[in-house]
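J.: Next comes the structure file run37.cif, holding mmCIF, C-alpha atoms.
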data_target
loop_
_atom_site.label_atom_id
_atom_site.label_comp_id
_atom_site.auth_asym_id
_atom_site.auth_seq_id
_atom_site.Cartn_x
_atom_site.Cartn_y
_atom_site.Cartn_z
CA MET A 1 -6.05 12.58 29.07
CA SER A 2 -3.33 14.37 30.92
CA VAL A 3 -0.67 16.80 29.78
CA ALA A 4 2.78 16.32 31.25
CA ALA A 5 5.21 19.21 31.19
CA ASN A 6 5.83 20.19 27.55
CA THR A 7 4.26 16.99 26.27
CA LEU A 8 0.78 16.04 25.20
CA SER A 9 -1.38 12.95 25.02
CA PHE A 10 -3.98 12.07 22.39
CA GLU A 11 -6.02 9.13 21.11
CA VAL A 12 -5.64 7.31 17.79
CA ARG A 13 -8.22 4.88 16.38
CA ASP A 14 -7.95 2.56 13.42
CA ILE A 15 -10.24 3.19 10.45
CA SER A 16 -12.83 0.64 11.53
CA GLY A 17 -13.07 2.28 14.95
CA GLN A 18 -12.46 -1.07 16.63
CA LYS A 19 -8.95 -0.45 17.96
CA SER A 20 -7.82 2.51 19.99
CA THR A 21 -4.42 3.61 21.24
CA THR A 22 -3.47 6.48 23.50
CA VAL A 23 -0.19 8.23 22.73
CA ASN A 24 1.11 9.38 26.10
CA ASP A 25 3.58 12.16 26.88
CA CYS A 26 4.47 12.90 23.29
CA PRO A 27 7.02 15.70 22.78
CA PRO A 28 5.52 18.51 20.65
CA ASP A 29 8.45 18.37 18.23
CA ALA A 30 7.74 14.71 17.36
CA SER A 31 6.70 14.52 13.73
CA ILE A 32 3.70 12.62 12.39
CA SER A 33 6.13 10.35 10.54
CA GLU A 34 7.75 9.47 13.87
CA VAL A 35 4.44 8.57 15.50
CA ILE A 36 2.90 6.46 12.71
CA PRO A 37 5.42 3.53 12.70
CA ALA A 38 5.07 3.12 16.46
CA LEU A 39 1.27 3.04 16.13
CA LEU A 40 1.39 0.49 13.32
CA GLY A 41 3.57 -1.77 15.45
CA LEU A 42 1.30 -1.63 18.48
CA MET A 43 -1.89 -1.98 16.46
CA SER A 44 -0.35 -4.94 14.55
CA LEU A 45 -0.94 -3.27 11.21
CA PRO A 46 1.43 -4.26 8.41
CA GLN A 47 3.81 -1.46 7.37
CA ASN A 48 4.87 -3.17 4.20
CA ASP A 49 5.06 -6.55 2.61
CA LEU A 50 7.04 -7.96 -0.26
CA SER A 51 4.63 -6.14 -2.63
CA GLY A 52 5.78 -2.80 -1.25
CA PRO A 53 5.06 -0.29 1.48
CA ILE A 54 1.57 0.50 2.75
CA THR A 55 1.18 4.22 3.29
CA HIS A 56 -0.75 5.35 6.34
CA SER A 57 -1.77 8.83 7.36
CA LEU A 58 -3.39 10.42 10.39
CA ARG A 59 -6.68 12.32 10.11
CA ARG A 60 -7.95 14.71 12.74
CA ASP A 61 -11.41 13.52 13.77
CA SER A 62 -12.69 17.00 14.71
CA ASP A 63 -12.37 18.58 11.25
CA GLY A 64 -11.30 15.73 8.97
CA ALA A 65 -7.93 17.34 8.18
CA ILE A 66 -5.22 14.98 6.94
CA LEU A 67 -1.99 15.59 8.84
CA HIS A 68 1.20 15.66 6.80
CA ASP A 69 4.19 13.49 7.62
CA SER A 70 6.37 16.54 8.24
CA ASP A 71 3.87 18.23 10.61
CA THR A 72 4.89 18.20 14.24
CA ILE A 73 2.46 17.04 16.91
CA GLY A 74 2.64 20.39 18.71
CA GLU A 75 1.52 22.22 15.55
CA VAL A 76 -1.43 20.07 14.57
CA VAL A 77 -2.72 18.12 17.57
CA LYS A 78 -4.43 19.45 20.69
CA PRO A 79 -4.18 17.59 24.00
CA GLY A 80 -6.83 14.86 24.24
CA GLU A 81 -7.72 15.13 20.56
CA ARG A 82 -8.80 12.05 18.59
CA LEU A 83 -7.01 11.06 15.37
CA VAL A 84 -7.79 8.27 12.92
CA LEU A 85 -5.09 6.14 11.32
CA GLN A 86 -5.96 5.54 7.67
CA PRO A 87 -4.24 3.56 4.93
CA SER A 88 -3.89 4.57 1.30
CA ILE A 89 -4.39 1.27 -0.38
CA ASP A 90 -5.36 -0.16 -3.74
CA ALA A 91 -7.68 -3.00 -4.61
CA GLY A 92 -8.08 -4.44 -8.04
CA SER A 93 -8.03 -7.31 -10.41
CA GLY A 94 -4.41 -6.61 -11.27
CA LEU A 95 -4.96 -7.91 -14.79
CA MET B 1 0.08 -10.43 20.57
CA THR B 2 2.26 -13.54 20.79
CA ASP B 3 5.19 -14.58 22.90
CA HIS B 4 7.10 -16.82 20.60
CA PRO B 5 10.80 -17.74 20.69
CA PHE B 6 11.16 -18.55 16.97
CA GLU B 7 11.74 -16.70 13.74
CA TYR B 8 10.76 -18.18 10.42
CA VAL B 9 12.52 -18.73 7.13
CA LEU B 10 11.12 -19.93 3.83
CA GLU B 11 13.21 -22.29 1.75
CA LEU B 12 12.23 -22.42 -1.91
CA TRP B 13 13.29 -24.93 -4.48
CA HIS B 14 12.72 -25.51 -8.13
CA LYS B 15 10.33 -28.43 -8.47
CA LEU B 16 12.24 -29.87 -11.40
CA PRO B 17 15.08 -30.73 -11.04
CA GLY B 18 14.80 -30.09 -7.31
CA ILE B 19 17.45 -27.40 -6.99
CA VAL B 20 17.30 -25.27 -3.84
CA LEU B 21 16.74 -21.64 -4.85
CA GLY B 22 17.51 -20.13 -1.47
CA ARG B 23 16.10 -18.97 1.82
CA VAL B 24 14.06 -15.88 2.64
CA PRO B 25 13.40 -14.72 6.21
CA ILE B 26 9.77 -13.80 6.77
CA LYS B 27 7.87 -11.88 9.38
CA ILE B 28 4.78 -13.78 10.44
CA ASP B 29 1.53 -11.89 10.68
CA TRP B 30 -0.07 -13.45 13.76
CA VAL B 31 -3.19 -11.24 13.68
CA PRO B 32 -5.34 -13.55 11.48
CA VAL B 33 -4.35 -16.51 13.70
CA ARG B 34 -5.32 -14.69 16.88
CA GLU B 35 -8.55 -13.41 15.34
CA ALA B 36 -9.51 -16.93 14.20
CA LEU B 37 -9.12 -18.20 17.78
CA ILE B 38 -11.06 -15.25 19.20
CA LEU B 39 -13.91 -15.96 16.78
CA ASP B 40 -13.89 -19.61 17.91
CA LEU B 41 -14.41 -18.52 21.51
CA LEU B 42 -17.08 -15.97 20.59
CA ARG B 43 -19.04 -18.46 18.49
CA ARG B 44 -18.95 -21.08 21.24
CA GLY B 45 -20.24 -18.50 23.71
CA VAL B 46 -17.13 -18.91 25.88
CA ILE B 47 -16.48 -15.15 25.81
CA ASP B 48 -18.89 -12.25 25.31
CA GLN B 49 -16.34 -9.81 23.97
CA PRO B 50 -13.07 -9.98 22.01
CA THR B 51 -11.40 -7.84 24.68
CA ALA B 52 -9.15 -8.38 27.71
CA LEU B 53 -7.67 -11.54 26.23
CA PRO B 54 -4.13 -12.84 26.78
CA SER B 55 -1.47 -13.37 24.12
CA ILE B 56 -1.71 -16.46 21.97
CA SER B 57 0.86 -19.19 22.44
CA VAL B 58 2.41 -20.69 19.32
CA LYS B 59 4.37 -23.93 19.08
CA PRO B 60 5.97 -25.27 15.92
CA VAL B 61 4.78 -28.65 14.68
CA TRP B 62 8.01 -30.26 13.50
CA ASP B 63 8.26 -32.28 10.33
CA GLU B 64 8.71 -35.87 11.58
CA HIS B 65 10.53 -36.98 8.43
CA ILE B 66 12.99 -34.11 8.06
CA GLY B 67 13.12 -33.05 11.71
CA PRO B 68 13.72 -29.55 13.14
CA PRO B 69 13.99 -26.83 11.99
CA ALA B 70 11.52 -27.91 9.25
CA ILE B 71 7.89 -27.62 10.28
CA ILE B 72 4.61 -28.86 8.85
CA GLY B 73 2.69 -26.14 10.66
CA PHE B 74 2.19 -24.61 14.05
CA ARG B 75 -0.29 -24.97 16.89
CA ALA B 76 -1.78 -21.73 18.19
CA THR B 77 -3.69 -21.59 21.45
CA LEU B 78 -5.69 -18.87 23.14
CA ALA B 79 -6.79 -19.54 26.71
CA ALA B 80 -9.78 -17.69 28.16
CA ALA B 81 -12.50 -18.20 30.75
CA GLY B 82 -11.10 -21.52 31.96
CA THR B 83 -11.02 -23.07 28.52
CA GLU B 84 -9.11 -22.53 25.30
CA ALA B 85 -9.29 -22.36 21.54
CA SER B 86 -6.48 -24.30 19.93
CA ARG B 87 -5.83 -25.13 16.33
CA ILE B 88 -3.11 -26.38 14.02
CA PHE B 89 -2.32 -24.13 11.07
CA THR B 90 -0.51 -25.89 8.23
CA THR B 91 2.23 -24.36 6.12
CA THR B 92 -0.37 -23.23 3.58
CA TYR B 93 -0.65 -20.27 5.96
CA PHE B 94 2.68 -19.13 4.42
CA LYS B 95 1.60 -19.65 0.79
CA ALA B 96 1.08 -15.97 -0.06
CA GLN B 97 4.47 -15.09 1.41
CA ALA B 98 6.09 -17.94 -0.55
CA GLN B 99 4.53 -16.62 -3.76
CA GLN B 100 5.85 -13.15 -3.00
CA ALA B 101 9.28 -14.56 -2.12
CA SER B 102 9.41 -16.47 -5.42
CA ARG B 103 9.57 -13.14 -7.25
CA LEU B 104 13.00 -12.52 -5.75
CA PHE B 105 14.24 -15.69 -7.45
CA VAL B 106 12.55 -14.74 -10.71
CA GLU B 107 14.41 -11.41 -10.56
CA ARG B 108 17.69 -13.20 -9.80
CA GLY B 109 17.14 -15.61 -12.70
CA GLY B 110 16.93 -18.87 -10.72
CA LEU B 111 13.26 -19.27 -11.55
CA LYS B 112 11.31 -18.34 -14.66
CA GLN B 113 7.95 -16.58 -14.54
CA GLY B 114 5.22 -19.23 -14.28
CA GLU B 115 7.55 -22.09 -13.32
CA THR B 116 6.49 -24.33 -10.45
CA PHE B 117 8.36 -24.16 -7.17
CA GLU B 118 7.95 -25.75 -3.76
CA TYR B 119 8.65 -24.39 -0.34
CA CYS B 120 9.17 -25.50 3.20
CA VAL B 121 9.13 -23.48 6.38
CA LEU B 122 11.92 -23.50 8.94
CA ALA B 123 11.49 -22.36 12.55
CA ILE B 124 14.78 -21.10 13.98
CA PRO B 125 15.37 -19.88 17.56
CA ARG B 126 14.99 -16.12 17.61
CA ARG B 127 18.06 -13.96 18.08
CA PRO B 128 17.61 -10.95 20.34
CA ALA B 129 17.08 -7.85 18.22
CA ALA B 130 18.07 -4.32 19.18
CA GLN B 131 14.97 -2.18 19.57
CA THR B 132 14.75 1.57 19.66
CA SER B 133 12.17 3.03 21.99
CA PRO B 134 10.00 5.91 20.81
CA ARG B 135 10.02 9.23 22.69
CA PHE B 136 6.49 8.58 23.95
CA SER B 137 4.53 5.67 25.37
CA LEU B 138 1.53 3.94 23.86
CA THR B 139 -1.42 2.42 25.67
CA GLN B 140 -3.89 0.23 23.86
CA LYS B 141 -7.54 0.64 24.76
CA GLU B 142 -9.91 -2.13 23.78
CA ILE B 143 -13.22 -1.06 22.33
CA PRO B 144 -16.11 -3.45 23.02
CA LEU B 145 -17.68 -5.02 19.96
CA LEU B 146 -21.32 -4.07 19.52
CA ILE B 147 -23.12 -7.45 19.42
CA LYS B 148 -26.87 -7.48 18.80
CA PRO B 149 -28.97 -10.30 20.30
CA ALA B 150 -31.00 -11.96 17.53
CA LYS B 151 -32.57 -15.24 16.45
CA ILE B 152 -30.93 -16.84 13.47
CA GLU B 153 -34.01 -18.95 12.72
CA ARG B 154 -36.11 -15.86 11.97
CA LEU B 155 -33.68 -14.70 9.29
CA MET B 156 -33.13 -18.19 7.90
CA ALA B 157 -36.87 -18.64 7.26
CA GLY B 158 -36.79 -16.14 4.41
CA ALA B 159 -33.17 -16.60 3.36
CA LEU B 160 -31.72 -17.79 0.07
CA LEU B 161 -28.32 -19.48 0.21
CA PHE B 162 -25.66 -18.66 -2.38
CA GLY B 163 -22.69 -21.02 -2.56
CA THR B 164 -21.91 -24.10 -0.53
CA GLN B 165 -21.89 -23.49 3.18
CA LYS B 166 -19.08 -25.00 5.22
CA PRO B 167 -19.78 -25.90 8.85
CA GLN B 168 -16.76 -23.94 10.07
CA ASP B 169 -18.08 -20.68 8.55
CA PHE B 170 -20.46 -18.50 10.55
CA PRO B 171 -23.59 -17.36 8.65
CA VAL B 172 -23.61 -14.04 6.78
CA PHE B 173 -26.92 -12.45 5.75
CA PHE B 174 -27.05 -9.72 3.11
CA HIS B 175 -30.11 -7.55 2.76
CA TRP B 176 -31.23 -7.86 -0.85
CA ARG B 177 -30.94 -4.13 -1.49
CA VAL B 178 -27.21 -4.25 -0.65
CA LEU B 179 -26.64 -6.65 -3.54
CA GLU B 180 -29.01 -4.71 -5.76
CA GLN B 181 -27.15 -1.48 -5.07
CA ALA B 182 -23.72 -3.08 -5.53
CA SER B 183 -24.81 -4.58 -8.86
CA LEU B 184 -26.17 -1.28 -10.10
CA GLN B 185 -23.04 0.54 -8.98
CA THR B 186 -20.92 -2.01 -10.86
CA ARG B 187 -22.87 -1.55 -14.10
CA LYS B 188 -22.82 2.25 -13.79
CA ALA B 189 -19.02 2.19 -13.39
CA GLY B 190 -18.73 0.51 -16.80
CA SER B 191 -15.25 -0.83 -17.38
CA SER B 192 -13.81 0.83 -14.26
CA GLU B 193 -13.67 -0.82 -10.88
CA THR B 194 -15.88 0.49 -8.13
CA GLY B 195 -16.44 -0.31 -4.46
CA GLY B 196 -17.82 0.56 -1.09
CA LEU B 197 -18.13 -0.37 2.53
CA LEU B 198 -20.48 -3.02 3.97
CA VAL B 199 -22.02 -2.07 7.29
CA GLY B 200 -24.49 -3.72 9.62
CA HIS B 201 -24.52 -5.74 12.81
CA VAL B 202 -22.66 -8.60 14.44
CA CYS B 203 -25.47 -10.67 15.97
CA ARG B 204 -25.48 -13.42 18.55
CA ASP B 205 -28.06 -16.16 18.93
CA ALA B 206 -27.33 -17.13 22.53
CA GLU B 207 -29.47 -20.29 22.41
CA LEU B 208 -27.46 -22.07 19.74
CA PRO B 209 -24.92 -20.46 20.48
CA GLU B 210 -23.82 -18.85 17.19
CA LEU B 211 -22.54 -15.57 15.86
CA PHE B 212 -23.68 -14.20 12.50
CA LEU B 213 -23.58 -11.03 10.43
CA GLU B 214 -26.50 -9.01 9.12
CA ILE B 215 -25.25 -6.70 6.39
CA THR B 216 -27.79 -3.91 6.15
CA GLU B 217 -26.26 -1.27 3.90
CA LEU B 218 -23.65 -0.53 1.29
CA ILE B 219 -21.92 2.82 1.59
CA PRO B 220 -20.51 3.64 -1.86
CA ALA B 221 -16.87 4.71 -1.71
CA SER B 222 -15.60 7.75 -3.53
CA ALA B 223 -12.56 5.67 -4.39
CA GLN B 224 -10.61 6.41 -7.54
CA GLY B 225 -11.53 3.64 -9.93
CA GLU B 226 -9.51 2.64 -12.94
CA LEU B 227 -9.74 -0.26 -15.31
CA THR B 228 -8.07 -2.79 -13.03
CA ARG B 229 -7.50 -0.81 -9.87
CA LEU B 230 -9.46 0.91 -7.15
CA SER B 231 -7.64 3.29 -4.83
CA PHE B 232 -8.93 3.83 -1.30
CA THR B 233 -7.38 7.08 -0.14
CA PRO B 234 -7.68 8.85 3.25
CA ASP B 235 -10.46 10.99 1.70
CA THR B 236 -12.37 7.81 0.80
CA TRP B 237 -12.37 6.59 4.40
CA THR B 238 -13.32 10.05 5.69
CA ASP B 239 -16.33 10.26 3.35
CA VAL B 240 -17.44 6.72 4.15
CA GLN B 241 -17.29 7.26 7.92
CA ALA B 242 -19.20 10.55 7.56
CA ALA B 243 -21.96 8.69 5.67
CA ILE B 244 -22.20 6.06 8.43
CA ASP B 245 -22.32 8.75 11.11
CA ARG B 246 -25.16 10.50 9.24
CA ARG B 247 -27.15 7.23 9.18
CA ASN B 248 -26.78 6.94 12.97
CA ARG B 249 -28.16 3.39 13.14
CA GLY B 250 -25.50 1.77 15.30
CA GLU B 251 -24.00 -0.03 12.31
CA ILE B 252 -20.36 -1.06 12.29
CA TRP B 253 -17.87 -1.84 9.54
CA LEU B 254 -18.32 -5.48 8.51
CA GLY B 255 -16.51 -5.61 5.21
CA TRP B 256 -16.15 -4.12 1.79
CA PHE B 257 -17.37 -4.54 -1.74
CA HIS B 258 -15.55 -4.05 -5.02
CA SER B 259 -16.03 -5.03 -8.62
CA HIS B 260 -13.94 -6.69 -11.27
CA SER B 261 -15.36 -5.64 -14.60
CA PHE B 262 -14.34 -7.38 -17.80
CA TYR B 263 -16.32 -5.17 -20.14
CA TYR B 264 -13.07 -3.81 -21.49
CA GLU B 265 -12.70 -7.13 -23.31
CA ARG B 266 -15.56 -6.29 -25.62
CA GLN B 267 -13.65 -3.40 -27.16
CA HIS B 268 -10.65 -5.55 -27.99
CA ASP B 269 -11.73 -9.14 -28.52
CA THR B 270 -13.91 -10.32 -31.29
CA GLU B 271 -16.11 -13.38 -31.09
CA ALA B 272 -14.35 -14.83 -34.12
CA GLN B 273 -11.01 -14.85 -32.32
CA GLU B 274 -12.32 -16.72 -29.30
CA ARG B 275 -15.18 -18.67 -30.83
CA PHE B 276 -13.95 -22.11 -29.78
CA ASP B 277 -12.20 -21.14 -26.58
CA ARG B 278 -14.67 -19.28 -24.49
CA LYS B 279 -13.13 -17.27 -21.68
CA ILE B 280 -14.81 -17.37 -18.29
CA ALA B 281 -14.40 -14.58 -15.77
CA THR B 282 -13.45 -16.37 -12.55
CA PRO B 283 -14.07 -14.51 -9.29
CA PHE B 284 -10.86 -14.09 -7.33
CA LEU B 285 -9.20 -11.79 -4.85
CA SER B 286 -5.95 -10.33 -6.13
CA GLU B 287 -2.89 -9.89 -3.96
CA GLU B 288 -3.83 -6.22 -3.56
CA ASP B 289 -7.37 -7.17 -2.53
CA CYS B 290 -6.05 -9.55 0.14
CA ARG B 291 -3.71 -6.87 1.43
CA LEU B 292 -6.56 -4.35 1.69
CA HIS B 293 -8.71 -6.87 3.51
CA ARG B 294 -5.93 -7.66 5.98
CA VAL B 295 -5.22 -3.97 6.70
CA CYS B 296 -8.81 -2.76 6.94
CA PHE B 297 -10.78 -5.85 8.02
CA PRO B 298 -8.52 -7.96 10.25
CA ARG B 299 -11.33 -9.20 12.48
CA ALA B 300 -12.23 -12.79 11.64
CA TYR B 301 -15.78 -11.75 10.69
CA GLY B 302 -14.59 -9.29 7.97
CA ILE B 303 -16.32 -10.01 4.66
CA ALA B 304 -15.36 -9.12 1.08
CA LEU B 305 -18.10 -9.01 -1.55
CA LEU B 306 -16.83 -9.22 -5.09
CA ILE B 307 -19.00 -8.58 -8.13
CA THR B 308 -17.53 -9.99 -11.29
CA ASP B 309 -19.10 -8.62 -14.44
CA SER B 310 -18.24 -9.96 -17.82
CA PRO B 311 -19.83 -9.89 -21.27
CA ARG B 312 -18.96 -13.60 -21.55
CA SER B 313 -19.99 -14.87 -18.12
CA GLY B 314 -22.57 -12.38 -16.87
CA MET B 315 -22.60 -10.89 -13.41
CA SER B 316 -21.78 -12.95 -10.33
CA TRP B 317 -21.74 -12.30 -6.60
CA THR B 318 -18.99 -13.93 -4.56
CA THR B 319 -18.03 -13.49 -0.95
CA PHE B 320 -14.70 -14.16 0.70
CA GLY B 321 -13.91 -14.30 4.38
CA TRP B 322 -11.32 -15.46 6.89
CA ARG B 323 -11.14 -19.22 7.41
CA SER B 324 -8.34 -20.52 9.68
CA GLY B 325 -6.43 -17.30 9.19
CA GLU B 326 -6.60 -17.37 5.38
CA LEU B 327 -8.96 -15.65 2.97
CA ALA B 328 -11.28 -18.14 1.31
CA ARG B 329 -14.38 -18.14 -0.84
CA ARG B 330 -17.47 -18.73 1.29
CA ALA B 331 -21.24 -18.93 1.13
CA PHE B 332 -23.75 -16.24 2.11
CA HIS B 333 -27.49 -15.81 2.55
CA VAL B 334 -29.72 -13.15 1.07
CA ILE B 335 -32.72 -11.89 3.03
CA ARG B 336 -35.50 -9.41 2.33
CA THR B 337 -35.57 -10.55 -1.27
CA PRO B 338 -38.49 -9.51 -3.49
CA LEU B 339 -40.04 -12.98 -3.51
CA PRO B 340 -43.67 -13.62 -4.46
CA THR B 341 -46.45 -13.91 -1.88
CA GLY B 342 -46.72 -17.50 -0.71
CA PHE B 343 -42.99 -17.97 -0.27
CA GLU B 344 -43.17 -18.88 3.36
CA ILE B 345 -42.35 -21.71 5.73
CA LYS B 346 -45.09 -24.34 6.03
CA GLY B 347 -44.97 -26.94 8.75
CA GLU B 348 -42.82 -27.31 11.79
CA LYS B 349 -39.08 -27.54 12.02
CA ASN B 350 -37.86 -31.08 11.43
CA GLU B 351 -35.63 -31.98 14.34
CA SER B 352 -34.27 -35.14 12.71
CA ASP B 353 -30.67 -35.53 11.59
CA ARG B 354 -31.74 -35.65 7.96
CA GLU B 355 -29.91 -32.44 7.07
CA HIS B 356 -26.67 -33.81 8.48
CA VAL B 357 -27.16 -37.07 6.65
CA MET B 358 -27.60 -35.17 3.42
CA GLN B 359 -24.30 -33.38 3.99
#
Here is the file; what I need is its structure written in the form of structure tokens.
T.:
Amino acid sequence: MSVAANTLSFEVRDISGQKSTTVNDCPPDASISEVIPALLGLMSLPQNDLSGPITHSLRRDSDGAILHDSDTIGEVVKPGERLVLQPSIDAGSGL
Amino acid sequence: MTDHPFEYVLELWHKLPGIVLGRVPIKIDWVPVREALILDLLRRGVIDQPTALPSISVKPVWDEHIGPPAIIGFRATLAAAGTEASRIFTTTYFKAQAQQASRLFVERGGLKQGETFEYCVLAIPRRPAAQTSPRFSLTQKEIPLLIKPAKIERLMAGALLFGTQKPQDFPVFFHWRVLEQASLQTRKAGSSETGGLLVGHVCRDAELPELFLEITELIPASAQGELTRLSFTPDTWTDVQAAIDRRNRGEIWLGWFHSHSFYYERQHDTEAQERFDRKIATPFLSEEDCRLHRVCFPRAYGIALLITDSPRSGMSWTTFGWRSGELARRAFHVIRTPLPTGFEIKGEKNESDREHVMQ
């Protein structure tokens, strides 16, 4: 993975490890909440349905840290690092 | 994913007296359609991997009686390796979205809770939409699917079938201890829901050809279980993946397990109240369950194991999987069961068509 001037690139996988996306030339001031919707679109993951929104977060693979929506990429991601996109989601009988 | 010049609208109407309730634009989730076609090609041995494939093409199938823009379904096609997988999906593909859309009309007062409604689907030429570009670019990298060569006949010799197998479903084999562990975990959770991840191998029998799953282990999830809800948080996924990594057996995510426990009933119902109207706990996937399956297990081989536990009906094992892009109840096999000595195949395989005749 290369680092363009003042930008960085990193890899994001889905939770099953079967889809991978590289985020290229990302400005360091881009927030996690700016990156996630673009990833969901490319990975064809639903962002919400008529039942409500599906919350996703990014986890750093190296130490398992969950990155907060307000964190900026420059603060929490190193060039070439691998992140995992994870949903917070409920199952249940709904009775 | 798909290059498709239409957008879709649901039109709902009250069944009696046939009053149109209104129209709701919907966004079609093409992933289950694409995955169904990919699985077709994999099972037929046309492709070795679900990677480097083109977009699917989708064409509306117009309603001959009403005419455009009403459709009775759509034909989706995926071309690969000089051939193609092509299938018609009927408007039942939109059923879940129609049910969700009906709530809008319940809220507005046009429809009462529990009243029957009907829907039709309209395909309307897409209007160009303004899109904002992100400040970075994204490149998708396709990860090869780990497919293990195996002989289905060897597993089938000691397998027990649960449910009625449909020819369009690929076989799924559970190791007995997976079901044993899931059942024990369900009972230990009492009235709360519990769950976990199913891991194992996607296998290919090249001679047939056929694809099948061998589910080798259940990784219990540290999900937050409540009476009728089980929350899978980022911590849950982290813990589960760490457990798989520790096992280091080349297993991949194949599906998930969760329980629906009805033991809460015992505290509130008395036999006298229900003596002549016995309730039966029916296995089902809730809307939330379907949503979880779609988000976490979009591949067409993703399996959901549900254990339903009820003081009135006992414990049951049910599996659900993708069939033509929709989640449906399906059969499964159990292997490595603690069967008595002597439970073995005697005689040679009968090559006659008798099995087909019996179907």
J.: Enumerate, as a list in words, the residues matched when the PyMOL selection byres ((chain A and resi 58) around 9) is run on the file above.
T.: Val12, Ile32, Ile36, His56, Ser57, Arg59, Arg60, Ala65, Ile66, Leu67, His68, Asp69, Leu83, Val84, Leu85, Gln86 and Pro87 of chain A; Pro234 of chain B
J.: Which residues of chain A have any atom within 7 Å of an atom in chain B when counting only C-alpha atoms, and what is the closest pair of atoms for each, with the distance in Å to one decimal? Order the rows by chain and rising number and write it as JSON lines.
T.:
{"residue": "A:Ser16", "atom": "CA", "partner": "B:Trp253", "partner_atom": "CA", "distance": 6.0}
{"residue": "A:Gln18", "atom": "CA", "partner": "B:Ile143", "partner_atom": "CA", "distance": 5.8}
{"residue": "A:Lys19", "atom": "CA", "partner": "B:Glu142", "partner_atom": "CA", "distance": 6.1}
{"residue": "A:Ser20", "atom": "CA", "partner": "B:Lys141", "partner_atom": "CA", "distance": 5.1}
{"residue": "A:Thr21", "atom": "CA", "partner": "B:Gln140", "partner_atom": "CA", "distance": 4.3}
{"residue": "A:Thr22", "atom": "CA", "partner": "B:Thr139", "partner_atom": "CA", "distance": 5.0}
{"residue": "A:Val23", "atom": "CA", "partner": "B:Leu138", "partner_atom": "CA", "distance": 4.8}
{"residue": "A:Asn24", "atom": "CA", "partner": "B:Ser137", "partner_atom": "CA", "distance": 5.1}
{"residue": "A:Asp25", "atom": "CA", "partner": "B:Phe136", "partner_atom": "CA", "distance": 5.5}
{"residue": "A:Cys26", "atom": "CA", "partner": "B:Phe136", "partner_atom": "CA", "distance": 4.8}
{"residue": "A:Ser44", "atom": "CA", "partner": "B:Val31", "partner_atom": "CA", "distance": 7.0}
{"residue": "A:Leu45", "atom": "CA", "partner": "B:Val295", "partner_atom": "CA", "distance": 6.3}
{"residue": "A:Pro46", "atom": "CA", "partner": "B:Val295", "partner_atom": "CA", "distance": 6.9}
{"residue": "A:Leu50", "atom": "CA", "partner": "B:Gln100", "partner_atom": "CA", "distance": 6.0}
{"residue": "A:Gly64", "atom": "CA", "partner": "B:Thr238", "partner_atom": "CA", "distance": 6.9}
{"residue": "A:Gln86", "atom": "CA", "partner": "B:Pro234", "partner_atom": "CA", "distance": 5.8}
{"residue": "A:Pro87", "atom": "CA", "partner": "B:Pro234", "partner_atom": "CA", "distance": 6.5}
{"residue": "A:Ser88", "atom": "CA", "partner": "B:Thr233", "partner_atom": "CA", "distance": 4.5}
{"residue": "A:Ile89", "atom": "CA", "partner": "B:Phe232", "partner_atom": "CA", "distance": 5.3}
{"residue": "A:Asp90", "atom": "CA", "partner": "B:Ser231", "partner_atom": "CA", "distance": 4.3}
{"residue": "A:Ala91", "atom": "CA", "partner": "B:Asp289", "partner_atom": "CA", "distance": 4.7}
{"residue": "A:Gly92", "atom": "CA", "partner": "B:Arg229", "partner_atom": "CA", "distance": 4.1}
{"residue": "A:Ser93", "atom": "CA", "partner": "B:Thr228", "partner_atom": "CA", "distance": 5.2}
{"residue": "A:Gly94", "atom": "CA", "partner": "B:Thr228", "partner_atom": "CA", "distance": 5.6}
{"residue": "A:Leu95", "atom": "CA", "partner": "B:Thr228", "partner_atom": "CA", "distance": 6.2}
J.: Give me a file of those residues, with C-alpha atoms, as a short mmCIF file (atom, residue, chain, number, x, y, z; two decimals), in the coordinates of the input.
T.:
data_model
loop_
_atom_site.label_atom_id
_atom_site.label_comp_id
_atom_site.auth_asym_id
_atom_site.auth_seq_id
_atom_site.Cartn_x
_atom_site.Cartn_y
_atom_site.Cartn_z
CA SER A 16 -12.83 0.64 11.53
CA GLN A 18 -12.46 -1.07 16.63
CA LYS A 19 -8.95 -0.45 17.96
CA SER A 20 -7.82 2.51 19.99
CA THR A 21 -4.42 3.61 21.24
CA THR A 22 -3.47 6.48 23.50
CA VAL A 23 -0.19 8.23 22.73
CA ASN A 24 1.11 9.38 26.10
CA ASP A 25 3.58 12.16 26.88
CA CYS A 26 4.47 12.90 23.29
CA SER A 44 -0.35 -4.94 14.55
CA LEU A 45 -0.94 -3.27 11.21
CA PRO A 46 1.43 -4.26 8.41
CA LEU A 50 7.04 -7.96 -0.26
CA GLY A 64 -11.30 15.73 8.97
CA GLN A 86 -5.96 5.54 7.67
CA PRO A 87 -4.24 3.56 4.93
CA SER A 88 -3.89 4.57 1.30
CA ILE A 89 -4.39 1.27 -0.38
CA ASP A 90 -5.36 -0.16 -3.74
CA ALA A 91 -7.68 -3.00 -4.61
CA GLY A 92 -8.08 -4.44 -8.04
CA SER A 93 -8.03 -7.31 -10.41
CA GLY A 94 -4.41 -6.61 -11.27
CA LEU A 95 -4.96 -7.91 -14.79
#
J.: With the file shown as input, list the residues that the PyMOL selection byres ((chain B and resi 319) around 10) selects, as a list in words.
T.: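 Against this file, the PyMOL selection byres ((chain B and resi 319) around 10) returns the residues Phe162, Gly163, Val172, Trp256, Phe257, Pro283, Phe284, Leu285, Ile303, Ala304, Leu305, Leu306, Ile307, Trp317, Thr318, Phe320, Gly321, Ala328, Arg329, Arg330, Ala331 and Phe332 of chain B.
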